[in-house]
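File shown: model_36.tsv. Contents: TSV, C-alpha atoms and all ligand atoms.
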chain	number	residue	atom	x	y	z
K	1112	MET	CA	201.04	-19.48	297.06
K	1113	GLU	CA	200.70	-17.87	300.48
K	1114	VAL	CA	199.89	-14.15	300.66
K	1115	GLY	CA	200.35	-12.20	303.86
K	1116	ALA	CA	197.24	-10.58	305.34
K	1117	GLY	CA	197.29	-6.86	304.67
K	1118	MET	CA	200.24	-7.06	302.28
K	1119	ALA	CA	198.74	-5.74	299.08
K	1120	THR	CA	196.67	-3.07	300.83
K	1121	GLU	CA	199.61	-1.49	302.66
K	1122	PRO	CA	201.26	1.84	301.59
K	1123	ASP	CA	200.06	4.50	299.24
K	1124	PHE	CA	199.15	6.15	302.53
K	1125	ALA	CA	197.12	9.28	302.11
K	1126	ALA	CA	198.80	12.36	303.57
K	1127	ASN	CA	196.17	12.58	306.31
K	1128	VAL	CA	197.28	9.30	307.97
K	1129	ARG	CA	199.16	10.24	311.16
K	1130	LEU	CA	200.99	8.05	313.64
K	1131	ALA	CA	198.85	8.26	316.80
K	1132	ASP	CA	201.34	10.08	319.05
K	1133	ALA	CA	200.34	12.61	321.73
K	1134	GLU	CA	200.53	15.54	319.32
K	1135	ALA	CA	198.39	13.87	316.67
K	1136	ILE	CA	195.82	12.83	319.29
K	1137	ALA	CA	195.56	16.41	320.60
K	1138	GLU	CA	195.13	17.69	317.04
K	1139	ALA	CA	192.52	15.00	316.32
K	1140	GLY	CA	190.61	16.06	319.45
K	1141	ARG	CA	190.56	19.66	318.15
K	1142	LEU	CA	189.37	18.51	314.72
K	1143	LEU	CA	186.51	16.56	316.32
K	1144	ARG	CA	185.44	19.61	318.36
K	1145	GLN	CA	185.47	21.63	315.12
K	1146	GLY	CA	183.01	19.21	313.57
K	1147	ARG	CA	185.51	17.35	311.36
K	1148	LEU	CA	185.77	13.58	310.82
K	1149	VAL	CA	188.62	11.61	312.43
K	1150	ALA	CA	189.23	7.88	311.96
K	1151	PHE	CA	190.80	6.16	314.96
K	1152	PRO	CA	191.75	2.68	316.15
K	1153	THR	CA	189.68	0.85	318.74
K	1154	GLU	CA	190.37	-2.66	320.06
K	1155	THR	CA	187.77	-4.02	317.60
K	1156	VAL	CA	188.06	-2.17	314.27
K	1157	TYR	CA	188.85	1.40	313.17
K	1158	GLY	CA	186.02	3.89	313.78
K	1159	LEU	CA	184.99	6.94	311.75
K	1160	GLY	CA	184.43	9.52	314.48
K	1161	ALA	CA	182.50	12.78	314.70
K	1162	ASP	CA	181.18	14.92	317.55
K	1163	ALA	CA	177.92	13.10	318.40
K	1164	THR	CA	176.31	16.37	319.52
K	1165	ASN	CA	176.91	18.13	316.18
K	1166	ASP	CA	174.23	17.41	313.52
K	1167	ASP	CA	176.41	18.49	310.59
K	1168	ALA	CA	179.36	16.42	311.75
K	1169	VAL	CA	177.16	13.34	312.20
K	1170	ALA	CA	175.59	13.92	308.77
K	1171	ALA	CA	179.11	13.98	307.31
K	1172	ILE	CA	179.70	10.41	308.64
K	1173	PHE	CA	176.69	9.09	306.71
K	1174	ALA	CA	177.82	10.94	303.57
K	1175	ALA	CA	181.44	9.72	303.78
K	1176	LYS	CA	180.39	6.08	304.26
K	1177	GLY	CA	177.45	6.11	301.87
K	1178	ARG	CA	175.48	4.72	304.83
K	1179	PRO	CA	171.67	4.70	304.86
K	1180	ASN	CA	170.52	7.19	307.47
K	1181	PHE	CA	168.10	4.75	309.12
K	1182	ASN	CA	171.12	2.85	310.48
K	1183	PRO	CA	172.04	4.39	313.88
K	1184	LEU	CA	175.61	4.91	315.14
K	1185	ILE	CA	177.42	3.86	318.30
K	1186	VAL	CA	178.36	6.73	320.60
K	1187	HIS	CA	181.81	6.29	322.17
K	1188	VAL	CA	182.68	7.77	325.56
K	1189	ALA	CA	185.65	7.60	327.94
K	1190	ASP	CA	183.98	5.94	330.95
K	1191	VAL	CA	180.81	4.50	332.50
K	1192	ASP	CA	179.81	7.85	334.05
K	1193	ALA	CA	179.90	9.55	330.65
K	1194	ALA	CA	177.78	6.71	329.20
K	1195	ALA	CA	175.28	7.08	332.02
K	1196	ARG	CA	174.84	10.76	331.11
K	1197	LEU	CA	173.63	9.72	327.63
K	1198	ALA	CA	171.67	6.53	328.34
K	1199	GLU	CA	169.41	5.17	331.09
K	1200	LEU	CA	171.58	2.34	332.36
K	1201	GLY	CA	169.53	0.10	334.65
K	1202	PRO	CA	170.98	-2.49	337.05
K	1203	VAL	CA	171.57	-5.16	334.39
K	1204	ALA	CA	173.19	-2.66	332.02
K	1205	LEU	CA	175.46	-1.43	334.80
K	1206	ARG	CA	176.46	-4.96	335.69
K	1207	LEU	CA	177.46	-5.56	332.05
K	1208	ALA	CA	179.24	-2.21	331.87
K	1209	ARG	CA	181.27	-2.94	335.01
K	1210	ALA	CA	182.17	-6.41	333.74
K	1211	PHE	CA	183.13	-5.56	330.17
K	1212	TRP	CA	184.00	-1.83	329.93
K	1213	PRO	CA	186.34	-0.62	328.77
K	1214	GLY	CA	186.00	-3.27	326.07
K	1215	PRO	CA	184.26	-4.62	322.98
K	1216	LEU	CA	180.66	-4.37	324.23
K	1217	THR	CA	177.99	-1.94	322.99
K	1218	LEU	CA	174.88	-1.36	325.10
K	1219	VAL	CA	171.62	-0.19	323.51
K	1220	ALA	CA	169.58	1.59	326.19
K	1221	PRO	CA	166.89	4.27	326.44
K	1222	ARG	CA	168.24	7.63	325.31
K	1223	LYS	CA	168.34	10.38	327.94
K	1224	ALA	CA	166.48	13.42	326.74
K	1225	GLY	CA	168.51	16.63	326.80
K	1226	ALA	CA	171.88	14.87	326.69
K	1227	GLY	CA	172.60	16.59	323.40
K	1228	VAL	CA	173.21	13.55	321.17
K	1229	SER	CA	172.13	14.32	317.61
K	1230	ALA	CA	168.92	12.57	316.55
K	1231	LEU	CA	170.77	11.65	313.33
K	1232	ALA	CA	173.22	9.56	315.34
K	1233	THR	CA	170.36	7.52	316.85
K	1234	ALA	CA	168.37	7.51	313.57
K	1235	GLY	CA	165.49	9.07	315.49
K	1236	LEU	CA	165.13	6.06	317.83
K	1237	ASP	CA	164.39	6.47	321.52
K	1238	THR	CA	167.40	4.30	322.31
K	1239	VAL	CA	171.10	5.06	322.01
K	1240	ALA	CA	174.03	2.67	321.53
K	1241	VAL	CA	176.97	3.46	323.85
K	1242	ARG	CA	180.41	1.95	324.18
K	1243	VAL	CA	183.59	2.60	326.21
K	1244	PRO	CA	186.49	1.35	324.06
K	1245	ALA	CA	189.54	-0.25	325.68
K	1246	ASN	CA	192.16	0.82	323.16
K	1247	PRO	CA	194.34	3.39	325.04
K	1248	LEU	CA	194.66	5.58	321.91
K	1249	ALA	CA	190.87	5.66	321.54
K	1250	HIS	CA	190.56	6.49	325.23
K	1251	ALA	CA	193.11	9.32	324.91
K	1252	LEU	CA	191.26	10.69	321.88
K	1253	LEU	CA	187.91	10.67	323.72
K	1254	VAL	CA	189.49	12.54	326.63
K	1255	ALA	CA	191.13	15.04	324.22
K	1256	ALA	CA	187.87	15.58	322.32
K	1257	GLY	CA	185.83	16.13	325.48
K	1258	VAL	CA	182.62	15.32	323.56
K	1259	PRO	CA	180.84	12.01	322.95
K	1260	VAL	CA	182.07	10.60	319.63
K	1261	ALA	CA	179.68	8.88	317.22
K	1262	ALA	CA	181.65	6.30	315.26
K	1263	PRO	CA	180.64	3.53	312.91
K	1264	SER	CA	183.32	1.29	311.44
K	1265	ALA	CA	185.50	3.39	309.12
K	1266	ASN	CA	184.68	1.59	305.86
K	1267	ARG	CA	182.40	2.35	302.92
K	1268	SER	CA	178.92	1.07	303.82
K	1269	GLY	CA	178.56	-2.69	303.26
K	1270	HIS	CA	182.30	-3.32	302.92
K	1271	VAL	CA	184.39	-5.26	305.45
K	1272	SER	CA	185.46	-3.24	308.48
K	1273	PRO	CA	189.01	-1.82	308.63
K	1274	THR	CA	191.58	-3.35	310.97
K	1275	LEU	CA	194.50	-1.22	309.70
K	1276	ALA	CA	194.85	2.53	309.03
K	1277	ALA	CA	195.67	1.61	305.41
K	1278	HIS	CA	192.20	0.01	305.05
K	1279	VAL	CA	190.60	3.30	306.15
K	1280	ALA	CA	192.73	5.28	303.70
K	1281	ALA	CA	191.79	2.86	300.90
K	1282	ASP	CA	188.03	3.10	301.64
K	1283	LEU	CA	187.62	6.73	302.67
K	1284	GLY	CA	190.77	8.55	301.46
K	1285	ASP	CA	190.45	12.31	301.90
K	1286	ARG	CA	186.82	12.14	303.00
K	1287	VAL	CA	188.26	12.22	306.55
K	1288	ALA	CA	190.32	15.04	308.05
K	1289	MET	CA	192.73	12.67	309.82
K	1290	VAL	CA	193.33	8.94	310.21
K	1291	LEU	CA	195.10	8.11	313.48
K	1292	ASP	CA	197.34	5.12	312.84
K	1293	GLY	CA	197.52	2.85	315.88
K	1294	GLY	CA	198.56	-0.31	314.04
K	1295	ALA	CA	196.48	-3.46	313.67
K	1296	THR	CA	193.43	-3.75	315.94
K	1297	THR	CA	193.56	-6.57	318.48
K	1298	HIS	CA	190.09	-8.19	318.22
K	1299	GLY	CA	189.41	-7.71	314.52
K	1300	LEU	CA	185.61	-8.09	314.75
K	1301	GLU	CA	183.11	-5.36	315.64
K	1302	SER	CA	181.82	-5.13	319.22
K	1303	THR	CA	179.10	-7.37	320.63
K	1304	VAL	CA	175.87	-5.31	320.59
K	1305	VAL	CA	173.34	-5.98	323.35
K	1306	ASP	CA	169.93	-4.38	323.79
K	1307	VAL	CA	169.28	-3.73	327.48
K	1308	SER	CA	166.34	-1.36	326.94
K	1309	GLY	CA	163.66	-3.97	327.69
K	1310	ASP	CA	163.04	-6.63	330.32
K	1311	ARG	CA	165.18	-9.19	328.53
K	1312	VAL	CA	168.80	-8.85	327.43
K	1313	THR	CA	168.83	-9.27	323.64
K	1314	LEU	CA	171.93	-10.00	321.60
K	1315	LEU	CA	171.76	-7.85	318.45
K	1316	ARG	CA	175.24	-8.55	317.04
K	1317	LEU	CA	177.72	-11.28	317.90
K	1318	GLY	CA	181.27	-10.26	318.75
K	1319	SER	CA	184.21	-11.39	320.78
K	1320	ILE	CA	182.19	-11.21	324.01
K	1321	THR	CA	180.05	-14.34	323.75
K	1322	ALA	CA	176.43	-15.03	324.74
K	1323	GLN	CA	177.74	-17.38	327.47
K	1324	GLN	CA	179.87	-14.59	328.96
K	1325	LEU	CA	176.89	-12.20	328.92
K	1326	ALA	CA	174.64	-14.80	330.56
K	1327	ALA	CA	177.23	-15.47	333.26
K	1328	VAL	CA	177.28	-11.78	334.22
K	1329	THR	CA	173.55	-11.04	333.96
K	1330	GLY	CA	172.40	-14.31	335.50
K	1331	GLN	CA	169.75	-14.59	332.78
K	1332	ASP	CA	169.48	-16.25	329.39
K	1333	VAL	CA	170.40	-13.96	326.55
K	1334	GLN	CA	167.70	-13.72	323.94
K	1335	ARG	CA	168.84	-13.76	320.33
K	1336	ALA	CA	167.37	-11.58	317.65
K	1337	THR	CA	166.94	-14.42	315.18
K	1338	GLU	CA	168.31	-13.85	311.75
K	1339	ALA	CA	165.80	-16.22	310.14
K	1340	ALA	CA	162.89	-14.19	311.43
K	1341	VAL	CA	164.46	-11.01	310.13
K	1342	LYS	CA	165.15	-12.56	306.75
K	1343	ASP	CA	161.63	-13.93	306.41
K	1344	GLY	CA	160.21	-10.55	307.20
K	1345	ILE	CA	158.44	-11.83	310.31
K	1346	VAL	CA	159.95	-9.11	312.45
K	1347	ALA	CA	161.64	-5.88	311.51
K	1348	PRO	CA	165.36	-5.87	312.22
K	1349	GLN	CA	165.94	-4.46	315.70
K	1350	SER	CA	169.38	-3.44	314.61
K	1351	PRO	CA	170.06	-2.55	310.98
K	1352	GLY	CA	173.43	-4.32	311.26
K	1353	GLN	CA	171.37	-7.52	311.16
K	1354	LEU	CA	170.58	-6.92	307.52
K	1355	LEU	CA	172.14	-9.85	305.73
K	1356	LEU	CA	174.09	-7.95	303.09
K	1357	HIS	CA	176.88	-6.57	305.19
K	1358	TYR	CA	180.60	-6.95	305.72
K	1359	ALA	CA	181.23	-8.16	302.16
K	1360	PRO	CA	184.43	-8.19	300.12
K	1361	ARG	CA	184.23	-7.59	296.34
K	1362	ALA	CA	184.81	-11.26	295.48
K	1363	ARG	CA	182.05	-13.83	295.96
K	1364	VAL	CA	182.49	-15.97	299.08
K	1365	ARG	CA	181.93	-19.76	299.33
K	1366	LEU	CA	181.84	-21.35	302.78
K	1367	ASN	CA	182.81	-24.71	304.28
K	1368	VAL	CA	185.03	-25.55	301.33
K	1369	THR	CA	187.56	-28.36	301.62
K	1370	GLU	CA	188.45	-28.48	297.91
K	1371	PRO	CA	189.01	-24.99	296.52
K	1372	ARG	CA	188.83	-24.51	292.75
K	1373	PRO	CA	191.99	-23.57	290.85
K	1374	GLY	CA	192.51	-19.81	290.78
K	1375	GLU	CA	190.14	-19.10	293.66
K	1376	GLY	CA	191.32	-17.20	296.69
K	1377	PHE	CA	191.52	-19.60	299.63
K	1378	LEU	CA	191.09	-18.82	303.32
K	1379	ALA	CA	192.42	-21.77	305.27
K	1380	PHE	CA	192.23	-22.51	308.99
K	1381	GLY	CA	194.27	-24.94	311.08
K	1382	SER	CA	197.48	-26.83	310.54
K	1383	ILE	CA	199.25	-26.23	307.24
K	1384	ALA	CA	199.85	-29.99	307.05
K	1385	SER	CA	196.10	-30.60	306.72
K	1386	GLU	CA	195.57	-27.65	304.34
K	1387	PRO	CA	194.41	-28.89	300.91
K	1388	ARG	CA	196.86	-28.27	298.07
K	1389	HIS	CA	195.73	-25.21	296.21
K	1390	ASP	CA	196.73	-23.41	293.05
K	1391	GLY	CA	195.78	-19.82	293.87
K	1392	PRO	CA	196.31	-17.13	296.51
K	1393	THR	CA	196.02	-18.66	299.98
K	1394	ILE	CA	195.93	-17.19	303.47
K	1395	ASN	CA	195.77	-19.32	306.59
K	1396	LEU	CA	193.78	-17.47	309.29
K	1397	SER	CA	195.51	-19.42	312.04
K	1398	PRO	CA	197.79	-22.38	311.39
K	1399	ALA	CA	197.63	-23.02	315.15
K	1400	GLY	CA	193.83	-23.34	314.92
K	1401	ASP	CA	193.40	-20.41	317.31
K	1402	LEU	CA	190.01	-18.69	316.83
K	1403	THR	CA	191.10	-15.43	318.48
K	1404	GLU	CA	193.97	-15.18	316.03
K	1405	ALA	CA	191.61	-16.04	313.15
K	1406	ALA	CA	189.16	-13.28	314.15
K	1407	ARG	CA	192.01	-10.76	314.23
K	1408	ALA	CA	193.17	-11.77	310.73
K	1409	LEU	CA	189.77	-12.22	309.04
K	1410	TYR	CA	189.02	-8.80	307.51
K	1411	ALA	CA	192.61	-8.02	306.43
K	1412	SER	CA	192.72	-11.44	304.78
K	1413	LEU	CA	189.47	-10.86	302.86
K	1414	ARG	CA	190.84	-7.51	301.68
K	1415	SER	CA	194.17	-9.07	300.62
K	1416	LEU	CA	192.42	-11.75	298.58
K	1417	ASP	CA	190.25	-9.05	296.97
K	1418	ASP	CA	193.42	-7.14	296.13
K	1419	ALA	CA	194.91	-10.28	294.58
K	1420	GLY	CA	192.13	-9.94	292.01
K	1421	VAL	CA	190.26	-13.22	292.56
K	1422	ASP	CA	186.56	-13.52	291.60
K	1423	SER	CA	185.78	-15.93	294.35
K	1424	ILE	CA	187.06	-16.72	297.85
K	1425	ALA	CA	186.68	-20.23	299.27
K	1426	VAL	CA	186.71	-20.54	303.06
K	1427	MET	CA	187.52	-23.69	305.01
K	1428	PRO	CA	185.10	-24.72	307.78
K	1429	ILE	CA	185.65	-22.65	310.95
K	1430	PRO	CA	184.70	-24.27	314.29
K	1431	HIS	CA	181.62	-22.74	315.88
K	1432	ASP	CA	182.81	-22.54	319.49
K	1433	GLY	CA	183.45	-19.31	321.40
K	1434	ILE	CA	184.34	-16.45	319.10
K	1435	GLY	CA	184.03	-18.90	316.18
K	1436	GLU	CA	180.30	-18.15	316.24
K	1437	ALA	CA	180.97	-14.46	315.55
K	1438	ILE	CA	183.48	-15.32	312.80
K	1439	ASN	CA	180.88	-17.57	311.13
K	1440	ASP	CA	178.24	-14.84	311.49
K	1441	ARG	CA	180.46	-12.39	309.53
K	1442	LEU	CA	181.37	-15.04	306.95
K	1443	ASN	CA	177.69	-15.88	306.41
K	1444	ARG	CA	176.99	-12.21	305.72
K	1445	ALA	CA	179.96	-12.00	303.34
K	1446	ALA	CA	178.61	-15.07	301.49
K	1447	ALA	CA	174.96	-13.93	301.39
K	1448	PRO	CA	173.44	-13.54	297.92
K	1449	ARG	CA	174.07	-10.07	296.55
K	1450	VAL	CA	171.35	-7.78	295.34
K	1451	GLY	CA	172.24	-5.81	292.21
S	1	LIG	O1	183.32	-2.38	317.30
S	1	LIG	C1	182.46	-1.56	316.94
S	1	LIG	O2	181.31	-1.58	317.40
S	1	LIG	C2	182.89	-0.49	315.92
S	1	LIG	C3	183.90	0.43	316.60
S	1	LIG	C4	184.31	1.57	315.72
S	1	LIG	O3	183.39	0.87	317.83
S	1	LIG	N1	181.75	0.23	315.46
S	1	LIG	C5	180.82	-0.34	314.66
S	1	LIG	O4	179.82	0.53	314.28
S	1	LIG	O5	180.87	-1.49	314.27
S	1	LIG	P1	178.78	0.21	313.13
S	1	LIG	O6	178.05	1.49	312.92
S	1	LIG	O7	179.47	-0.35	311.97
S	1	LIG	O8	177.80	-0.80	313.78
S	1	LIG	C6	176.90	-0.35	314.79
S	1	LIG	C7	175.81	-1.36	314.96
S	1	LIG	C8	174.91	-1.39	313.76
S	1	LIG	O9	174.54	-2.75	313.54
S	1	LIG	C9	173.71	-0.57	314.23
S	1	LIG	O10	172.54	-0.92	313.53
S	1	LIG	C10	173.64	-0.91	315.70
S	1	LIG	O11	175.00	-0.99	316.09
S	1	LIG	N2	172.97	0.13	316.48
S	1	LIG	C11	173.40	1.38	316.75
S	1	LIG	N3	172.50	2.06	317.47
S	1	LIG	C12	171.45	1.23	317.69
S	1	LIG	C13	170.20	1.35	318.37
S	1	LIG	N4	169.83	2.49	318.99
S	1	LIG	N5	169.38	0.28	318.38
S	1	LIG	C14	169.75	-0.88	317.77
S	1	LIG	N6	170.93	-1.05	317.11
S	1	LIG	C15	171.75	-0.01	317.07
S	2	MG	MG	180.06	-1.25	310.21
Structure encoded using structure tokens:
Amino acid sequence: MEVGAGMATEPDFAANVRLADAEAIAEAGRLLRQGRLVAFPTETVYGLGADATNDDAVAAIFAAKGRPNFNPLIVHVADVDAAARLAELGPVALRLARAFWPGPLTLVAPRKAGAGVSALATAGLDTVAVRVPANPLAHALLVAAGVPVAAPSANRSGHVSPTLAAHVAADLGDRVAMVLDGGATTHGLESTVVDVSGDRVTLLRLGSITAQQLAAVTGQDVQRATEAAVKDGIVAPQSPGQLLLHYAPRARVRLNVTEPRPGEGFLAFGSIASEPRHDGPTINLSPAGDLTEAARALYASLRSLDDAGVDSIAVMPIPHDGIGEAINDRLNRAAAPRVG
């Protein structure tokens, strides 16, 4: 039985979901300036936006998501100049910005004092995470808002990120003033997060921009914040997104499965001909074996299998090359043992 990604989660749209046309974007910009929450598409996942300079608006993000307030937010701006007004971007940071912005890269850099970003958004840290999204609707919204926009992924804390407006409506409903519907996001995984505040470039979160791409631009090896060290309590997480329990569907997740159990949800990858026969809901992330396509489909597929009511989701092995590393990172988090 093949289920389409996103099928079961579609309609029942809340009234506040609006097609992202020029009028809706202008209205959304006004709402942001008034301190309200607006969810919007980026090229990675949907974001839950608020005016980053407004303490109450930023506090409302944490409340709507049920997010712990020690976990800082990414501040979204329209261009490199706007980012440089909020963060000290040194030569390496600027090289990365010029290579990958607008696009799915977040830079963590020293915060500029007096730039007006709420200390809640940065969780009191002396660094700030900044990003210039490539999605033209996100860009238009940032221009319309005229303020830096703090935006985590627009899901309940700990859940998988939304790649459709319907996912946002399902997770956050009327906790947000407006959801701008720009269709399915193109990358499907959250941005690559890189710390450029020290001497070394440190990769804090894998994404569709790979370590190899970062190294090619910076001319230096990219240091990895090792998960094992974080897990063993040897070092404190440099980025709370590194906490293992993150990005999880409701169902339990089993990885590297070639023989799914009857009744399990099954996430396949690669040619249908080599897909094991399975009696239960099945989604193939990419019959063509294309990792970019698989990344795009991953979260909607996990949500669809959840909606099909399965207790457990079995996932076929996913190759580790390129963006496959980021896909496996998210799957490992989804499969991590649950507390409580
Ligand atoms: O693709 C994305 O990045 C999406 C879209 C909406 O832009 N946003 C997103 O935000 O994924 P969020 O809040 O779900 O993840 C932000 C990550 C978290 O892991 C957070 O801990 C880290 O960035 N982060 C934010 N500020 C930081 C800082 N000053 N130092 C270290 N890590 C930081
Ligand atoms: Mg998130």
What's the 12 Å shell around Asp1417 (chain K), counting only C-alpha atoms, without same-chain residues fewer than 4 positions away, as a ChimeraX atom specification? /K:1114,1116-1120,1270-1271,1359-1364,1375-1378,1392-1394,1410-1413,1421-1425
At a cut-off of 10 Å and counting all atoms listed in the file, what residues surround ligand MG 2 (chain S)? Please answer as an mmCIF file with C-alpha atoms, in the coordinates of the input.
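Here's the written file result_22.cif:
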data_model
loop_
_atom_site.group_PDB
_atom_site.id
_atom_site.type_symbol
_atom_site.label_atom_id
_atom_site.label_comp_id
_atom_site.auth_asym_id
_atom_site.auth_seq_id
_atom_site.Cartn_x
_atom_site.Cartn_y
_atom_site.Cartn_z
ATOM 1 C CA VAL K 1156 188.060 -2.170 314.270
ATOM 2 C CA TYR K 1157 188.850 1.400 313.170
ATOM 3 C CA GLY K 1158 186.020 3.890 313.780
ATOM 4 C CA LEU K 1159 184.990 6.940 311.750
ATOM 5 C CA LYS K 1176 180.390 6.080 304.260
ATOM 6 C CA ARG K 1178 175.480 4.720 304.830
ATOM 7 C CA ASN K 1182 171.120 2.850 310.480
ATOM 8 C CA LEU K 1184 175.610 4.910 315.140
ATOM 9 C CA ILE K 1185 177.420 3.860 318.300
ATOM 10 C CA ALA K 1262 181.650 6.300 315.260
ATOM 11 C CA PRO K 1263 180.640 3.530 312.910
ATOM 12 C CA SER K 1264 183.320 1.290 311.440
ATOM 13 C CA ALA K 1265 185.500 3.390 309.120
ATOM 14 C CA ASN K 1266 184.680 1.590 305.860
ATOM 15 C CA ARG K 1267 182.400 2.350 302.920
ATOM 16 C CA SER K 1268 178.920 1.070 303.820
ATOM 17 C CA GLY K 1269 178.560 -2.690 303.260
ATOM 18 C CA HIS K 1270 182.300 -3.320 302.920
ATOM 19 C CA VAL K 1271 184.390 -5.260 305.450
ATOM 20 C CA SER K 1272 185.460 -3.240 308.480
ATOM 21 C CA PRO K 1273 189.010 -1.820 308.630
ATOM 22 C CA LEU K 1300 185.610 -8.090 314.750
ATOM 23 C CA GLU K 1301 183.110 -5.360 315.640
ATOM 24 C CA SER K 1302 181.820 -5.130 319.220
ATOM 25 C CA GLY K 1352 173.430 -4.320 311.260
ATOM 26 C CA HIS K 1357 176.880 -6.570 305.190
ATOM 27 C CA TYR K 1358 180.600 -6.950 305.720
#
Separation of CA of Asp1166 (chain K) and CA of Arg1196 (chain K), in Å?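 Computed distance, CA of Asp1166 (chain K) to CA of Arg1196 (chain K), equals 18.8 Å.
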Distance of CA of Thr1296 (chain K) from atom C14 of ligand LIG 1 (chain S), expressed in Å to one decimal place: 23.9 Å
Around all listed atoms of ligand LIG 1 (chain S), padded 6 Å per side, what centre and edge lengths does the axis-aligned box have in Å to one decimal, as lines of an AutoDock Vina configuration file?
center_x = 176.8
center_y = -0.1
center_z = 315.5
size_x = 26.9
size_y = 17.2
size_z = 19.0
Excluding region 1435-1441 of chain K and any residue of its chain fewer than 3 positions from it, enumerate the residues within 7 Å of it, using only C-alpha atoms, and give them as a list of chain:residue names. K:Leu1317, K:Gly1318, K:Ser1319, K:Tyr1358, K:Leu1402, K:Ala1406, K:Ile1429, K:Pro1430, K:His1431, K:Asp1432, K:Arg1444, K:Ala1445
Will you model N, CA, C and O atoms for region 1211-1223 of chain K and pass it back as an mmCIF file, keeping the file's coordinate frame?
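The file below, selection-v8.cif, is the result:
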data_model
loop_
_atom_site.group_PDB
_atom_site.id
_atom_site.type_symbol
_atom_site.label_atom_id
_atom_site.label_comp_id
_atom_site.auth_asym_id
_atom_site.auth_seq_id
_atom_site.Cartn_x
_atom_site.Cartn_y
_atom_site.Cartn_z
ATOM 1 N N PHE K 1211 182.488 -5.518 331.498
ATOM 2 C CA PHE K 1211 183.130 -5.560 330.170
ATOM 3 C C PHE K 1211 183.690 -4.229 329.679
ATOM 4 O O PHE K 1211 184.334 -4.181 328.631
ATOM 5 N N TRP K 1212 183.435 -3.122 330.362
ATOM 6 C CA TRP K 1212 184.000 -1.830 329.930
ATOM 7 C C TRP K 1212 185.208 -1.501 330.764
ATOM 8 O O TRP K 1212 185.196 -1.759 331.968
ATOM 9 N N PRO K 1213 186.245 -0.850 330.201
ATOM 10 C CA PRO K 1213 186.340 -0.620 328.770
ATOM 11 C C PRO K 1213 186.523 -1.928 328.019
ATOM 12 O O PRO K 1213 187.239 -2.807 328.483
ATOM 13 N N GLY K 1214 185.887 -2.037 326.841
ATOM 14 C CA GLY K 1214 186.000 -3.270 326.070
ATOM 15 C C GLY K 1214 184.987 -3.362 324.951
ATOM 16 O O GLY K 1214 184.172 -2.454 324.771
ATOM 17 N N PRO K 1215 185.020 -4.495 324.221
ATOM 18 C CA PRO K 1215 184.260 -4.620 322.980
ATOM 19 C C PRO K 1215 182.780 -4.953 323.148
ATOM 20 O O PRO K 1215 182.278 -5.898 322.555
ATOM 21 N N LEU K 1216 182.095 -4.187 324.003
ATOM 22 C CA LEU K 1216 180.660 -4.370 324.230
ATOM 23 C C LEU K 1216 179.934 -3.052 323.979
ATOM 24 O O LEU K 1216 180.354 -2.009 324.475
ATOM 25 N N THR K 1217 178.842 -3.109 323.215
ATOM 26 C CA THR K 1217 177.990 -1.940 322.990
ATOM 27 C C THR K 1217 176.645 -2.195 323.635
ATOM 28 O O THR K 1217 176.056 -3.266 323.454
ATOM 29 N N LEU K 1218 176.175 -1.235 324.441
ATOM 30 C CA LEU K 1218 174.880 -1.360 325.100
ATOM 31 C C LEU K 1218 173.865 -0.443 324.436
ATOM 32 O O LEU K 1218 174.124 0.753 324.272
ATOM 33 N N VAL K 1219 172.721 -0.990 324.049
ATOM 34 C CA VAL K 1219 171.620 -0.190 323.510
ATOM 35 C C VAL K 1219 170.616 0.009 324.648
ATOM 36 O O VAL K 1219 170.079 -0.964 325.189
ATOM 37 N N ALA K 1220 170.413 1.269 325.030
ATOM 38 C CA ALA K 1220 169.580 1.590 326.190
ATOM 39 C C ALA K 1220 168.751 2.835 325.885
ATOM 40 O O ALA K 1220 169.066 3.574 324.956
ATOM 41 N N PRO K 1221 167.698 3.080 326.699
ATOM 42 C CA PRO K 1221 166.890 4.270 326.440
ATOM 43 C C PRO K 1221 167.749 5.541 326.446
ATOM 44 O O PRO K 1221 168.616 5.700 327.313
ATOM 45 N N ARG K 1222 167.504 6.383 325.477
ATOM 46 C CA ARG K 1222 168.240 7.630 325.310
ATOM 47 C C ARG K 1222 167.794 8.610 326.397
ATOM 48 O O ARG K 1222 166.596 8.688 326.700
ATOM 49 N N LYS K 1223 168.728 9.351 326.977
ATOM 50 C CA LYS K 1223 168.340 10.380 327.940
ATOM 51 C C LYS K 1223 168.030 11.666 327.187
ATOM 52 O O LYS K 1223 168.860 12.150 326.409
#
